[in-house]
Amino acid sequence: MADKGFLIHDLLPEGVTLNVPAGMWGKTQFTSEEVTGNIKTASARIHVERFIGYMKNFGILSKRVPNQLLPYLSDILFVCCHLTNLLPVIIRELDDQFKSL
């Protein structure tokens with residue numbers, strides 16, 4: 001997922017797609033498919049930004065990382081992501097799906 005204007009499709013590995021909202025470049029109106037796609041992207045973006053907000057609650061990620069920890073930064077992010085995944089469900093619709101299983 002990226003903002004409008006990120007032209008990095010050629011940098012992505014094979015099999016990886018980038019979800020970018022449609023832009024108005026040279027148009028006066030979105031097509032109905034573009035409107036639907038933009039709504040879906042915006043809905044997903046809310047959840048991604050909420051997850052990032054939860055990640056920032058970890059003290060180690062809320063300030064400058066000391067140089068001594070730089071070799072471990074990938075591991076630190078990995079652990080913080082997994083701990084964030086243990087929090088209550090972010091997307092209520094998914095919570096309802098899992099309860100019915």
# chains A, B, ... in the order shown; residues from 1 in each chain; ligands from 1
>>> residues_around(residues="A:Gly23", least_positions_apart="5", cutoff="12 Å", atoms="only C-alpha atoms", output="list in words")
Asp3, Lys4, Gly5, Phe6, Thr28, Gln29, Phe30, Thr31, Glu34, Val35, Gly37 and Asn38 of chain A
>>> select_by_dssp(residues="chain A", states="helix (DSSP H, G or I)", output="PyMOL selection string")
chain A and resi 9-11+32-56+59-61+67-85+92-99
>>> atom_distance(atom1="atom CA of A:Phe51", atom2="atom CA of A:Thr84")
7.6 Å
>>> residues_around(residues="A:Ile52", least_positions_apart="5", cutoff="10 Å", atoms="only C-alpha atoms", output="list of chain:residue names")
A:Ile46, A:His47, A:Asn57, A:Cys81, A:Thr84
>>> closest_residue(among="A:Cys80, A:Ser43, A:Glu49, A:Trp25", to="A:Leu61", atoms="only C-alpha atoms")
A:Cys80
>>> closest_residue(among="A:Val79, A:Met1, A:Leu7, A:Thr17", to="A:Met55", atoms="only C-alpha atoms")
A:Val79
>>> closest_residue(among="A:Gln68, A:Tyr54, A:Lys27, A:Ser62", to="A:His82", atoms="only C-alpha atoms")
A:Tyr54
>>> atom_distance(atom1="atom CA of A:Leu77", atom2="atom CA of A:Lys40")
27.2 Å
>>> decode(residues="chain A", atoms="C-alpha atoms", output="mmCIF file, in the first residue's frame")
data_model
loop_
_atom_site.group_PDB
_atom_site.id
_atom_site.type_symbol
_atom_site.label_atom_id
_atom_site.label_comp_id
_atom_site.auth_asym_id
_atom_site.auth_seq_id
_atom_site.Cartn_x
_atom_site.Cartn_y
_atom_site.Cartn_z
ATOM 1 C CA MET A 1 0.000 0.000 0.000
ATOM 2 C CA ALA A 2 1.368 3.411 -0.946
ATOM 3 C CA ASP A 3 0.179 6.951 -1.463
ATOM 4 C CA LYS A 4 -0.694 8.379 -4.861
ATOM 5 C CA GLY A 5 2.369 9.274 -6.885
ATOM 6 C CA PHE A 6 4.634 6.452 -5.698
ATOM 7 C CA LEU A 7 5.953 5.082 -8.956
ATOM 8 C CA ILE A 8 7.843 2.072 -7.635
ATOM 9 C CA HIS A 9 6.080 -0.784 -9.444
ATOM 10 C CA ASP A 10 9.268 -1.633 -11.343
ATOM 11 C CA LEU A 11 11.200 -2.050 -8.049
ATOM 12 C CA LEU A 12 8.889 -4.719 -6.625
ATOM 13 C CA PRO A 13 9.895 -8.394 -6.720
ATOM 14 C CA GLU A 14 7.901 -10.721 -8.940
ATOM 15 C CA GLY A 15 4.575 -11.716 -7.400
ATOM 16 C CA VAL A 16 4.346 -8.599 -5.210
ATOM 17 C CA THR A 17 1.659 -6.041 -5.954
ATOM 18 C CA LEU A 18 1.349 -2.460 -4.789
ATOM 19 C CA ASN A 19 -2.041 -1.064 -3.863
ATOM 20 C CA VAL A 20 -2.160 2.643 -4.776
ATOM 21 C CA PRO A 21 -5.374 4.684 -4.868
ATOM 22 C CA ALA A 22 -6.434 5.974 -8.267
ATOM 23 C CA GLY A 23 -5.456 9.526 -9.098
ATOM 24 C CA MET A 24 -7.132 12.260 -11.124
ATOM 25 C CA TRP A 25 -4.191 12.747 -13.509
ATOM 26 C CA GLY A 26 -5.735 14.411 -16.551
ATOM 27 C CA LYS A 27 -9.296 13.374 -15.676
ATOM 28 C CA THR A 28 -12.272 15.280 -14.393
ATOM 29 C CA GLN A 29 -14.029 12.344 -12.682
ATOM 30 C CA PHE A 30 -13.250 8.888 -11.295
ATOM 31 C CA THR A 31 -14.818 5.803 -12.859
ATOM 32 C CA SER A 32 -17.080 3.744 -10.589
ATOM 33 C CA GLU A 33 -14.374 1.056 -10.360
ATOM 34 C CA GLU A 34 -11.827 3.672 -9.240
ATOM 35 C CA VAL A 35 -14.227 5.007 -6.612
ATOM 36 C CA THR A 36 -14.832 1.496 -5.258
ATOM 37 C CA GLY A 37 -11.092 0.757 -5.253
ATOM 38 C CA ASN A 38 -10.301 4.014 -3.461
ATOM 39 C CA ILE A 39 -12.917 3.279 -0.788
ATOM 40 C CA LYS A 40 -11.450 -0.194 -0.189
ATOM 41 C CA THR A 41 -7.913 1.217 -0.046
ATOM 42 C CA ALA A 42 -8.957 3.939 2.405
ATOM 43 C CA SER A 43 -10.672 1.354 4.601
ATOM 44 C CA ALA A 44 -7.537 -0.794 4.712
ATOM 45 C CA ARG A 45 -5.309 2.244 5.276
ATOM 46 C CA ILE A 46 -7.216 3.087 8.473
ATOM 47 C CA HIS A 47 -6.380 -0.327 9.915
ATOM 48 C CA VAL A 48 -2.739 -0.152 8.825
ATOM 49 C CA GLU A 49 -2.337 3.268 10.435
ATOM 50 C CA ARG A 50 -4.017 2.033 13.620
ATOM 51 C CA PHE A 51 -1.580 -0.900 13.742
ATOM 52 C CA ILE A 52 1.351 1.509 13.262
ATOM 53 C CA GLY A 53 -0.059 3.608 16.103
ATOM 54 C CA TYR A 54 -0.071 0.550 18.365
ATOM 55 C CA MET A 55 3.540 -0.126 17.373
ATOM 56 C CA LYS A 56 4.520 3.402 18.418
ATOM 57 C CA ASN A 57 3.266 2.663 21.938
ATOM 58 C CA PHE A 58 6.391 0.594 22.540
ATOM 59 C CA GLY A 59 8.858 2.925 24.256
ATOM 60 C CA ILE A 60 11.777 1.592 22.265
ATOM 61 C CA LEU A 61 10.091 2.644 19.018
ATOM 62 C CA SER A 62 8.827 6.028 20.202
ATOM 63 C CA LYS A 63 12.218 7.723 20.304
ATOM 64 C CA ARG A 64 15.567 7.670 18.556
ATOM 65 C CA VAL A 65 17.160 4.215 18.532
ATOM 66 C CA PRO A 66 20.677 4.223 20.039
ATOM 67 C CA ASN A 67 23.502 3.242 17.679
ATOM 68 C CA GLN A 68 24.297 0.217 19.844
ATOM 69 C CA LEU A 69 20.862 -1.245 19.027
ATOM 70 C CA LEU A 70 21.009 -0.719 15.247
ATOM 71 C CA PRO A 71 22.284 -4.271 14.585
ATOM 72 C CA TYR A 72 19.219 -5.556 16.458
ATOM 73 C CA LEU A 73 16.630 -3.191 14.974
ATOM 74 C CA SER A 74 15.120 -5.808 12.670
ATOM 75 C CA ASP A 75 14.692 -8.207 15.598
ATOM 76 C CA ILE A 76 13.230 -5.448 17.767
ATOM 77 C CA LEU A 77 10.649 -4.574 15.094
ATOM 78 C CA PHE A 78 9.859 -8.263 14.627
ATOM 79 C CA VAL A 79 9.138 -8.735 18.344
ATOM 80 C CA CYS A 80 7.106 -5.506 18.566
ATOM 81 C CA CYS A 81 4.989 -6.561 15.571
ATOM 82 C CA HIS A 82 4.263 -9.930 17.123
ATOM 83 C CA LEU A 83 3.397 -8.383 20.478
ATOM 84 C CA THR A 84 1.065 -5.972 18.688
ATOM 85 C CA ASN A 85 -0.608 -8.940 17.012
ATOM 86 C CA LEU A 86 -1.446 -10.278 20.481
ATOM 87 C CA LEU A 87 -3.546 -7.193 21.235
ATOM 88 C CA PRO A 88 -7.341 -7.397 20.828
ATOM 89 C CA VAL A 89 -8.491 -7.599 17.216
ATOM 90 C CA ILE A 90 -8.058 -4.344 15.307
ATOM 91 C CA ILE A 91 -10.670 -5.074 12.645
ATOM 92 C CA ARG A 92 -14.028 -5.874 14.238
ATOM 93 C CA GLU A 93 -15.307 -7.740 11.139
ATOM 94 C CA LEU A 94 -12.437 -10.219 11.450
ATOM 95 C CA ASP A 95 -13.189 -10.702 15.130
ATOM 96 C CA ASP A 96 -16.783 -11.648 14.258
ATOM 97 C CA GLN A 97 -15.542 -14.133 11.601
ATOM 98 C CA PHE A 98 -13.169 -15.841 14.038
ATOM 99 C CA LYS A 99 -15.844 -16.136 16.736
ATOM 100 C CA SER A 100 -18.062 -18.061 14.320
ATOM 101 C CA LEU A 101 -15.383 -20.702 13.612
#
